[in-house]
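> Structure file run.pdb, PDB, C-alpha atoms, is pasted below:
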ATOM      1  CA  LYS A   1      35.305  -3.654  33.087
ATOM      2  CA  ILE A   2      31.754  -3.227  31.874
ATOM      3  CA  ASP A   3      31.831  -4.276  28.229
ATOM      4  CA  LEU A   4      28.068  -4.173  27.738
ATOM      5  CA  LYS A   5      27.472  -4.288  24.007
ATOM      6  CA  VAL A   6      24.318  -4.526  21.887
ATOM      7  CA  LYS A   7      23.876  -4.250  18.123
ATOM      8  CA  THR A   8      20.676  -2.925  16.562
ATOM      9  CA  ASP A   9      20.223  -5.189  13.550
ATOM     10  CA  THR A  10      17.269  -3.368  12.000
ATOM     11  CA  ALA A  11      14.185  -1.324  12.727
ATOM     12  CA  PHE A  12      11.320  -0.725  10.332
ATOM     13  CA  ARG A  13       7.911   0.827  10.391
ATOM     14  CA  ILE A  14       4.433  -0.598   9.721
ATOM     15  CA  ASP A  15       1.717   2.068  10.009
ATOM     16  CA  THR A  16       1.594   3.354  13.601
ATOM     17  CA  ASN A  17       3.873   0.575  14.882
ATOM     18  CA  GLY A  18       7.374  -0.623  14.162
ATOM     19  CA  ILE A  19       9.564  -3.662  14.670
ATOM     20  CA  GLY A  20      13.090  -3.644  16.072
ATOM     21  CA  MET A  21      15.602  -6.489  15.975
ATOM     22  CA  ALA A  22      18.881  -6.566  17.895
ATOM     23  CA  THR A  23      21.659  -8.849  19.113
ATOM     24  CA  ILE A  24      23.384  -8.792  22.497
ATOM     25  CA  GLU A  25      27.126  -9.165  21.885
ATOM     26  CA  ASN A  26      28.435  -8.848  25.463
ATOM     27  CA  ILE A  27      26.553  -8.981  28.768
ATOM     28  CA  GLY A  28      29.488  -7.620  30.784
ATOM     29  CA  TYR A  29      31.324  -8.809  33.847
ATOM     30  CA  MET A  30      28.155  -9.001  35.956
ATOM     31  CA  LYS A  31      26.915 -11.759  33.658
ATOM     32  CA  ALA A  32      23.323 -10.544  33.874
ATOM     33  CA  ILE A  33      21.055  -8.157  32.021
ATOM     34  CA  VAL A  34      18.232  -6.748  34.147
ATOM     35  CA  LYS A  35      16.376  -5.145  31.242
ATOM     36  CA  HIS A  36      16.621  -4.878  27.485
ATOM     37  CA  GLY A  37      14.534  -3.558  24.623
ATOM     38  CA  PHE A  38      14.158  -0.539  22.356
ATOM     39  CA  CYS A  39      13.750   3.162  22.974
ATOM     40  CA  TRP A  40      12.486   5.716  20.499
ATOM     41  CA  GLY A  41      11.743   9.409  20.130
ATOM     42  CA  THR A  42      11.474  12.300  17.695
ATOM     43  CA  THR A  43      15.058  13.488  18.257
ATOM     44  CA  THR A  44      18.334  11.706  17.681
ATOM     45  CA  ALA A  45      19.961   9.430  20.269
ATOM     46  CA  PRO A  46      16.819   8.414  22.179
ATOM     47  CA  ASP A  47      17.381   6.824  25.576
ATOM     48  CA  THR A  48      15.253   5.187  28.257
ATOM     49  CA  ASN A  49      13.854   8.569  29.260
ATOM     50  CA  ASN A  50      12.004   8.504  25.950
ATOM     51  CA  SER A  51       9.369   5.989  24.889
ATOM     52  CA  LYS A  52      10.619   2.452  25.402
ATOM     53  CA  ASN A  53       9.700  -1.164  25.896
ATOM     54  CA  ASN A  54      11.257  -3.497  28.460
ATOM     55  CA  LEU A  55      11.661  -7.105  27.404
ATOM     56  CA  GLY A  56      12.977  -8.200  30.794
ATOM     57  CA  ALA A  57      16.093  -9.858  32.184
ATOM     58  CA  LEU A  58      18.642 -12.106  30.427
ATOM     59  CA  SER A  59      21.639 -14.101  31.553
ATOM     60  CA  ASN A  60      23.119 -15.051  28.182
ATOM     61  CA  LEU A  61      23.892 -13.681  24.739
ATOM     62  CA  ALA A  62      20.750 -13.572  22.617
ATOM     63  CA  SER A  63      18.938 -11.919  19.746
ATOM     64  CA  PHE A  64      15.665 -10.177  20.483
ATOM     65  CA  THR A  65      12.735  -8.531  18.724
ATOM     66  CA  GLY A  66      10.466  -5.833  20.096
ATOM     67  CA  THR A  67       7.425  -3.842  19.019
ATOM     68  CA  ILE A  68       7.689  -0.067  18.729
ATOM     69  CA  THR A  69       4.253   1.392  19.386
ATOM     70  CA  GLY A  70       2.262   4.622  19.293
ATOM     71  CA  LEU A  71       3.911   6.201  16.257
ATOM     72  CA  ASP A  72       2.288   9.189  14.588
ATOM     73  CA  LEU A  73       1.957   8.537  10.857
ATOM     74  CA  ASN A  74       3.363  11.893   9.801
ATOM     75  CA  THR A  75       6.323  12.009  12.199
ATOM     76  CA  THR A  76       9.859  10.677  11.805
ATOM     77  CA  TYR A  77      11.253   8.674  14.757
ATOM     78  CA  TYR A  78      14.712   7.551  15.887
ATOM     79  CA  VAL A  79      15.154   4.090  17.418
ATOM     80  CA  ARG A  80      17.947   2.393  19.385
ATOM     81  CA  SER A  81      18.218  -0.933  21.127
ATOM     82  CA  TYR A  82      19.439  -0.969  24.714
ATOM     83  CA  ILE A  83      20.624  -3.387  27.405
ATOM     84  CA  ALA A  84      21.261  -2.605  31.074
ATOM     85  CA  ASN A  85      22.675  -4.273  34.184
ATOM     86  CA  GLU A  86      22.304  -2.970  37.731
ATOM     87  CA  THR A  87      24.689  -0.056  37.181
ATOM     88  CA  HIS A  88      25.193   0.625  33.482
ATOM     89  CA  ILE A  89      23.367   0.807  30.149
ATOM     90  CA  ALA A  90      24.519   0.386  26.551
ATOM     91  CA  PHE A  91      22.825   1.415  23.309
ATOM     92  CA  GLY A  92      22.970   0.014  19.817
ATOM     93  CA  LYS A  93      23.122   1.796  16.489
ATOM     94  CA  GLU A  94      20.345   4.272  15.736
ATOM     95  CA  PHE A  95      17.793   3.585  12.996
ATOM     96  CA  ILE A  96      15.408   6.119  11.484
ATOM     97  CA  LEU A  97      11.711   5.360  10.992
ATOM     98  CA  LYS A  98      10.569   7.908   8.436
ATOM     99  CA  ALA A  99       7.132   9.473   8.390
ATOM    100  CA  VAL A 100       4.778   7.180   6.489
ATOM    101  CA  CYS A 101       4.198   8.292   2.880
ATOM    102  CA  GLY A 102       6.877  10.961   3.242
ATOM    103  CA  GLY A 103       4.592  12.897   5.543
ATOM    104  CA  GLU A 104       2.108  13.511   2.727
ATOM    105  CA  THR A 105      -1.579  13.108   3.524
ATOM    106  CA  GLU A 106      -3.080  14.345   0.240
ATOM    107  CA  ILE A 107      -2.041  14.843  -3.378
ATOM    108  CA  SER A 108      -3.507  17.088  -6.075
ATOM    109  CA  TYR A 109      -3.434  15.728  -9.625
ATOM    110  CA  GLU A 110      -5.187  17.006 -12.731
ATOM    111  CA  SER A 111      -7.528  19.236 -10.691
ATOM    112  CA  GLN A 112      -8.505  16.337  -8.417
ATOM    113  CA  SER A 113      -7.527  15.799  -4.765
ATOM    114  CA  TYR A 114      -6.674  12.341  -3.471
ATOM    115  CA  LYS A 115      -6.255  11.487   0.185
ATOM    116  CA  ILE A 116      -3.235   9.242   0.875
ATOM    117  CA  VAL A 117      -3.605   6.286   3.235
ATOM    118  CA  PRO A 118      -0.767   4.105   4.578
ATOM    119  CA  ILE A 119      -1.571   0.403   4.785
ATOM    120  CA  GLY A 120       1.314  -1.716   5.981
ATOM    121  CA  ASN A 121       4.436  -0.264   4.379
ATOM    122  CA  GLN A 122       2.490   0.863   1.302
ATOM    123  CA  CYS A 123       0.906   4.228   0.482
ATOM    124  CA  TRP A 124      -2.311   4.120  -1.549
ATOM    125  CA  MET A 125      -4.659   6.692  -2.983
ATOM    126  CA  ALA A 126      -7.868   6.597  -0.961
ATOM    127  CA  LYS A 127     -10.153   6.906  -3.977
ATOM    128  CA  ASN A 128     -10.206   5.785  -7.593
ATOM    129  CA  LEU A 129      -8.281   7.728 -10.202
ATOM    130  CA  ASN A 130     -10.402  10.127 -12.285
ATOM    131  CA  VAL A 131      -8.370  11.811 -15.014
ATOM    132  CA  GLY A 132      -8.688  12.210 -18.749
ATOM    133  CA  THR A 133     -11.285  12.911 -21.413
ATOM    134  CA  TYR A 134     -14.614  11.097 -21.395
ATOM    135  CA  VAL A 135     -15.229   8.691 -24.287
ATOM    136  CA  GLU A 136     -18.585   7.010 -24.914
ATOM    137  CA  SER A 137     -18.600   3.222 -24.776
ATOM    138  CA  THR A 138     -20.390   1.379 -27.578
ATOM    139  CA  SER A 139     -21.508  -2.242 -27.314
ATOM    140  CA  SER A 140     -20.724  -5.118 -29.654
ATOM    141  CA  TYR A 141     -20.606  -8.894 -29.627
ATOM    142  CA  TYR A 142     -16.803  -8.877 -29.577
ATOM    143  CA  PRO A 143     -14.077  -7.467 -27.332
ATOM    144  CA  GLN A 144     -13.475  -3.906 -28.444
ATOM    145  CA  SER A 145     -12.182  -0.575 -27.199
ATOM    146  CA  ASN A 146     -13.423   2.932 -27.905
ATOM    147  CA  VAL A 147     -10.161   4.556 -26.805
ATOM    148  CA  SER A 148      -6.924   4.807 -28.754
ATOM    149  CA  ASN A 149      -3.223   5.507 -28.413
ATOM    150  CA  ASN A 150      -3.122   9.266 -28.882
ATOM    151  CA  SER A 151      -1.759  12.306 -27.099
ATOM    152  CA  PHE A 152      -4.308  12.417 -24.266
ATOM    153  CA  VAL A 153      -5.799  10.111 -21.628
ATOM    154  CA  GLU A 154      -9.266   8.722 -22.333
ATOM    155  CA  LYS A 155     -11.715   7.235 -19.850
ATOM    156  CA  TYR A 156     -15.159   5.675 -19.731
ATOM    157  CA  CYS A 157     -17.823   6.545 -17.176
ATOM    158  CA  TYR A 158     -20.271   3.908 -15.974
ATOM    159  CA  ASP A 159     -23.451   3.851 -18.103
ATOM    160  CA  ASN A 160     -21.895   6.643 -20.213
ATOM    161  CA  ASN A 161     -22.833   9.050 -17.438
ATOM    162  CA  THR A 162     -20.033  11.448 -16.432
ATOM    163  CA  THR A 163     -21.536  11.858 -12.964
ATOM    164  CA  ASN A 164     -20.439   8.287 -12.279
ATOM    165  CA  CYS A 165     -16.838   9.275 -12.973
ATOM    166  CA  ASP A 166     -17.208  12.062 -10.400
ATOM    167  CA  ASN A 167     -18.677   9.640  -7.856
ATOM    168  CA  PHE A 168     -16.672   6.462  -8.508
ATOM    169  CA  GLY A 169     -13.681   7.408 -10.666
ATOM    170  CA  GLY A 170     -12.942   6.733 -14.313
ATOM    171  CA  LEU A 171     -12.939   3.329 -15.989
ATOM    172  CA  TYR A 172      -9.847   2.595 -18.074
ATOM    173  CA  ASP A 173      -8.900  -0.201 -20.398
ATOM    174  CA  TRP A 174      -5.569  -1.783 -19.586
ATOM    175  CA  ASN A 175      -3.528  -0.376 -22.471
ATOM    176  CA  GLU A 176      -4.758   3.183 -21.891
ATOM    177  CA  MET A 177      -3.962   2.898 -18.173
ATOM    178  CA  MET A 178      -0.460   1.612 -18.971
ATOM    179  CA  HIS A 179       0.239   4.327 -21.555
ATOM    180  CA  TYR A 180       0.545   1.498 -24.073
ATOM    181  CA  THR A 181       3.570  -0.177 -22.471
ATOM    182  CA  GLN A 182       3.883  -3.691 -21.032
ATOM    183  CA  ASN A 183       6.177  -2.715 -18.149
ATOM    184  CA  GLU A 184       5.026  -4.014 -14.772
ATOM    185  CA  GLY A 185       4.915  -1.247 -12.180
ATOM    186  CA  THR A 186       4.900   1.521 -14.776
ATOM    187  CA  LYS A 187       3.759   5.052 -13.913
ATOM    188  CA  GLY A 188       1.054   4.801 -16.564
ATOM    189  CA  ILE A 189      -1.568   7.506 -16.033
ATOM    190  CA  CYS A 190      -0.687   7.967 -12.356
ATOM    191  CA  PRO A 191       1.006  11.173 -11.137
ATOM    192  CA  ASN A 192       4.761  11.543 -10.839
ATOM    193  CA  GLY A 193       6.109   9.560  -7.894
ATOM    194  CA  TRP A 194       3.271   7.029  -8.170
ATOM    195  CA  HIS A 195       2.595   3.973 -10.309
ATOM    196  CA  ILE A 196       0.101   1.282 -11.278
ATOM    197  CA  PRO A 197       0.336  -1.455  -8.605
ATOM    198  CA  SER A 198       1.775  -4.775  -9.690
ATOM    199  CA  ASN A 199       0.111  -8.065  -8.869
ATOM    200  CA  SER A 200       2.714  -8.674  -6.159
ATOM    201  CA  GLU A 201       1.959  -5.275  -4.582
ATOM    202  CA  TRP A 202      -1.732  -6.167  -4.477
ATOM    203  CA  GLU A 203      -0.704  -9.480  -2.934
ATOM    204  CA  GLN A 204       1.290  -7.664  -0.234
ATOM    205  CA  LEU A 205      -1.781  -5.578   0.590
ATOM    206  CA  VAL A 206      -4.055  -8.633   0.750
ATOM    207  CA  GLN A 207      -1.719 -10.562   3.026
ATOM    208  CA  TYR A 208      -1.229  -7.582   5.352
ATOM    209  CA  LEU A 209      -5.003  -7.351   5.733
ATOM    210  CA  GLY A 210      -5.322 -11.020   6.680
ATOM    211  CA  GLY A 211      -5.639 -12.911   3.396
ATOM    212  CA  TYR A 212      -8.127 -13.451   0.612
ATOM    213  CA  SER A 213     -11.131 -14.372   2.729
ATOM    214  CA  VAL A 214     -11.240 -11.099   4.697
ATOM    215  CA  ALA A 215      -9.163  -8.441   2.899
ATOM    216  CA  GLY A 216     -11.997  -7.366   0.598
ATOM    217  CA  GLY A 217     -14.163  -6.387   3.540
ATOM    218  CA  LYS A 218     -11.320  -4.382   5.065
ATOM    219  CA  LEU A 219     -10.975  -2.345   1.869
ATOM    220  CA  LYS A 220     -14.625  -1.263   1.855
ATOM    221  CA  PRO A 221     -15.916   2.080   3.231
ATOM    222  CA  LEU A 222     -16.327   2.690   6.984
ATOM    223  CA  ASN A 223     -13.208   0.651   7.687
ATOM    224  CA  PRO A 224     -10.227   1.964   9.707
ATOM    225  CA  HIS A 225      -7.864   1.419   6.749
ATOM    226  CA  GLN A 226      -9.789   4.113   4.798
ATOM    227  CA  PHE A 227      -9.241   2.528   1.376
ATOM    228  CA  ASP A 228     -12.962   3.105   0.647
ATOM    229  CA  ALA A 229     -13.560   0.682  -2.219
ATOM    230  CA  LEU A 230     -16.982   1.723  -3.545
ATOM    231  CA  MET A 231     -18.970  -0.759  -5.608
ATOM    232  CA  GLY A 232     -18.764   1.302  -8.802
ATOM    233  CA  GLY A 233     -19.115  -1.540 -11.304
ATOM    234  CA  TYR A 234     -17.038  -1.861 -14.476
ATOM    235  CA  ARG A 235     -17.100  -2.108 -18.261
ATOM    236  CA  LEU A 236     -16.937  -5.508 -19.938
ATOM    237  CA  SER A 237     -14.797  -5.924 -23.042
ATOM    238  CA  ASN A 238     -17.925  -5.905 -25.259
ATOM    239  CA  GLY A 239     -18.680  -2.357 -24.141
ATOM    240  CA  SER A 240     -21.505  -3.040 -21.685
ATOM    241  CA  PHE A 241     -21.508  -1.880 -18.051
ATOM    242  CA  VAL A 242     -22.317  -4.238 -15.171
ATOM    243  CA  GLU A 243     -22.415  -4.572 -11.367
ATOM    244  CA  SER A 244     -22.992  -0.993 -10.237
ATOM    245  CA  GLY A 245     -23.581  -1.275  -6.495
ATOM    246  CA  LEU A 246     -22.601  -4.950  -6.614
ATOM    247  CA  GLY A 247     -18.875  -5.141  -7.267
ATOM    248  CA  ILE A 248     -15.661  -3.447  -8.312
ATOM    249  CA  ARG A 249     -12.570  -4.510 -10.254
ATOM    250  CA  PHE A 250      -9.128  -2.936  -9.852
ATOM    251  CA  TRP A 251      -6.436  -3.348 -12.507
ATOM    252  CA  SER A 252      -2.846  -4.367 -11.813
ATOM    253  CA  SER A 253       0.095  -3.660 -14.111
ATOM    254  CA  SER A 254       0.997  -7.373 -14.318
ATOM    255  CA  ILE A 255       0.046  -9.934 -16.957
ATOM    256  CA  ASN A 256       0.052 -13.733 -16.885
ATOM    257  CA  SER A 257       1.860 -16.076 -19.295
ATOM    258  CA  GLU A 258      -0.981 -15.705 -21.796
ATOM    259  CA  GLY A 259      -0.750 -11.914 -21.791
ATOM    260  CA  LEU A 260      -3.926 -11.383 -19.756
ATOM    261  CA  PRO A 261      -3.738  -8.702 -17.037
ATOM    262  CA  PHE A 262      -4.391  -9.523 -13.384
ATOM    263  CA  TYR A 263      -7.128  -7.672 -11.533
ATOM    264  CA  ARG A 264      -8.623  -7.758  -8.030
ATOM    265  CA  TYR A 265     -12.354  -8.154  -7.535
ATOM    266  CA  ILE A 266     -14.459  -7.237  -4.497
ATOM    267  CA  ALA A 267     -18.193  -7.967  -4.256
ATOM    268  CA  ASP A 268     -20.674  -6.090  -2.125
ATOM    269  CA  ASN A 269     -21.991  -9.315  -0.535
ATOM    270  CA  SER A 270     -18.608 -10.765   0.436
ATOM    271  CA  ASN A 271     -15.568  -9.903   2.554
ATOM    272  CA  ALA A 272     -13.289 -11.789   0.161
ATOM    273  CA  ILE A 273     -11.067 -10.387  -2.567
ATOM    274  CA  LEU A 274     -10.333 -12.382  -5.728
ATOM    275  CA  ASN A 275      -7.275 -12.392  -7.981
ATOM    276  CA  LYS A 276      -8.353 -12.995 -11.578
ATOM    277  CA  ASN A 277      -7.486 -12.237 -15.225
ATOM    278  CA  TYR A 278      -9.351 -10.454 -18.005
ATOM    279  CA  ASN A 279      -8.615  -9.205 -21.505
ATOM    280  CA  LYS A 280      -7.206  -5.735 -22.006
ATOM    281  CA  SER A 281     -10.359  -4.285 -23.585
ATOM    282  CA  GLY A 282     -12.282  -4.388 -20.309
ATOM    283  CA  ALA A 283     -12.319  -1.132 -18.347
ATOM    284  CA  PHE A 284     -11.802  -1.209 -14.586
ATOM    285  CA  HIS A 285     -10.965   1.260 -11.826
ATOM    286  CA  ILE A 286      -7.433   2.235 -10.833
ATOM    287  CA  ARG A 287      -5.739   2.842  -7.492
ATOM    288  CA  CYS A 288      -2.285   4.356  -7.766
ATOM    289  CA  ILE A 289       0.394   3.365  -5.249
ATOM    290  CA  LYS A 290       3.287   5.598  -4.149
ATOM    291  CA  ASN A 291       6.820   4.725  -5.234
ATOM    292  CA  GLN A 292       9.008   3.367  -2.441
TER     293      GLN A 292
END
Would it be possible to restate this file's structure as structure tokens?

Amino acid sequence: KIDLKVKTDTAFRIDTNGIGMATIENIGYMKAIVKHGFCWGTTTAPDTNNSKNNLGALSNLASFTGTITGLDLNTTYYVRSYIANETHIAFGKEFILKAVCGGETEISYESQSYKIVPIGNQCWMAKNLNVGTYVESTSSYYPQSNVSNNSFVEKYCYDNNTTNCDNFGGLYDWNEMMHYTQNEGTKGICPNGWHIPSNSEWEQLVQYLGGYSVAGGKLKPLNPHQFDALMGGYRLSNGSFVESGLGIRFWSSSINSEGLPFYRYIADNSNAILNKNYNKSGAFHIRCIKNQ
């Protein structure tokens, strides 16, 4: 009696690779496994004639993990674990690894086109949001906003020059971005199916890219991740514009215990990314993230 039995515990996708986890439940009467691993393909019920890895021989019950490689971002794959002795092979349950970002590579929103880039298990817009009606920023000695809660979206452009919105995206104060709600992860001014990233979603991105000391550099232009964070500067809460060519701030939809929103800061002269807070009257850039 053969009785080879393996259970695929899970399989999930990260960009062009995936991870599979499985458990051997019976190694059969021969008491030896000559090869085990995962096989995957673009049709159901993949077997070892499809793409596969071979994690080697085993002589006891065990759990194992394997890397699924060479996945096209816009293709759905089917994955199964397998174990084999000298004469027979058994397969575990099939898992589906969906095309990253639902197979979408670009989205059109309010007469603007935005390339979509997968980073880890997240899908980000590859440039800053630029929607709404331009409003001139005036300066004062106190935190103040020149936008208001009305029926349309309002944005600032760096140095009150609309060309800067075309080149770097709009600058939005926190309340305008959030559509005047306090709900973390809200859609805000993003398109349907997308939302303003929470602080924890920014954290997931940073950790996937290697942590705070290097993630900022990996989000800049000419990087394989294609996030293309341009140093477009930002508007301070007093209405003045600073750091064009030197830095960029991205809002999150999360606030701290004092009601101050979190933002991420990248400087031109550093590979780091910082997690900081600022008052809601400042105006920063926005990257929308696709709903899971």
> Excluding segment 100-113 of chain A and its own-chain neighbours fewer than 2 positions away, which residues fall within 12 Å of it when counting all atoms listed in the file? Please give them as a count of residues only.
51
> Between A:Ser63, A:Ser237, A:Gln182, A:Asn161, which is the closest to Asn146 of chain A once you count all atoms listed in the file?
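Answer, going by the shortest atom-to-atom distance: A:Ser237.
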> Would you compute the distance between atom CA of Ile255 of chain A and atom CA of Met178 of chain A? Give it in Å to one decimal.
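Rounded to one decimal, the two atoms are 11.7 Å apart.
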> What residues come out when you apply the PyMOL selection byres ((chain A and resi 164) around 12) to this file, written as a list of chain:residue names?
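Output from the PyMOL selection byres ((chain A and resi 164) around 12), applied to this file: A:Asn128, A:Asn130, A:Tyr134, A:Lys155, A:Tyr156, A:Cys157, A:Tyr158, A:Asp159, A:Asn160, A:Asn161, A:Thr162, A:Thr163, A:Cys165, A:Asp166, A:Asn167, A:Phe168, A:Gly169, A:Gly170, A:Leu171, A:Leu230, A:Met231, A:Gly232, A:Gly233, A:Tyr234, A:Phe241, A:Ser244, A:Gly245, A:His285.
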> Considering only C-alpha atoms, can you say which of A:Leu4, A:Ala11, A:Met21, A:Gln144 comes closest to Ala84 of chain A?
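Checking each candidate against Ala84 of chain A, we get A:Leu4 as the closest.
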> Written as a ChimeraX atom specification, which residues does the PyMOL selection byres ((chain A and resi 259) around 10) give for the file shown?
/A:182,254-258,260-262,277-280
> Using all atoms listed in the file, which of A:Gly239, A:Asn223, A:Phe284, A:Pro197 sits nearest Ser140 of chain A?
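Checking each candidate against Ser140 of chain A, we get A:Gly239 as the closest.
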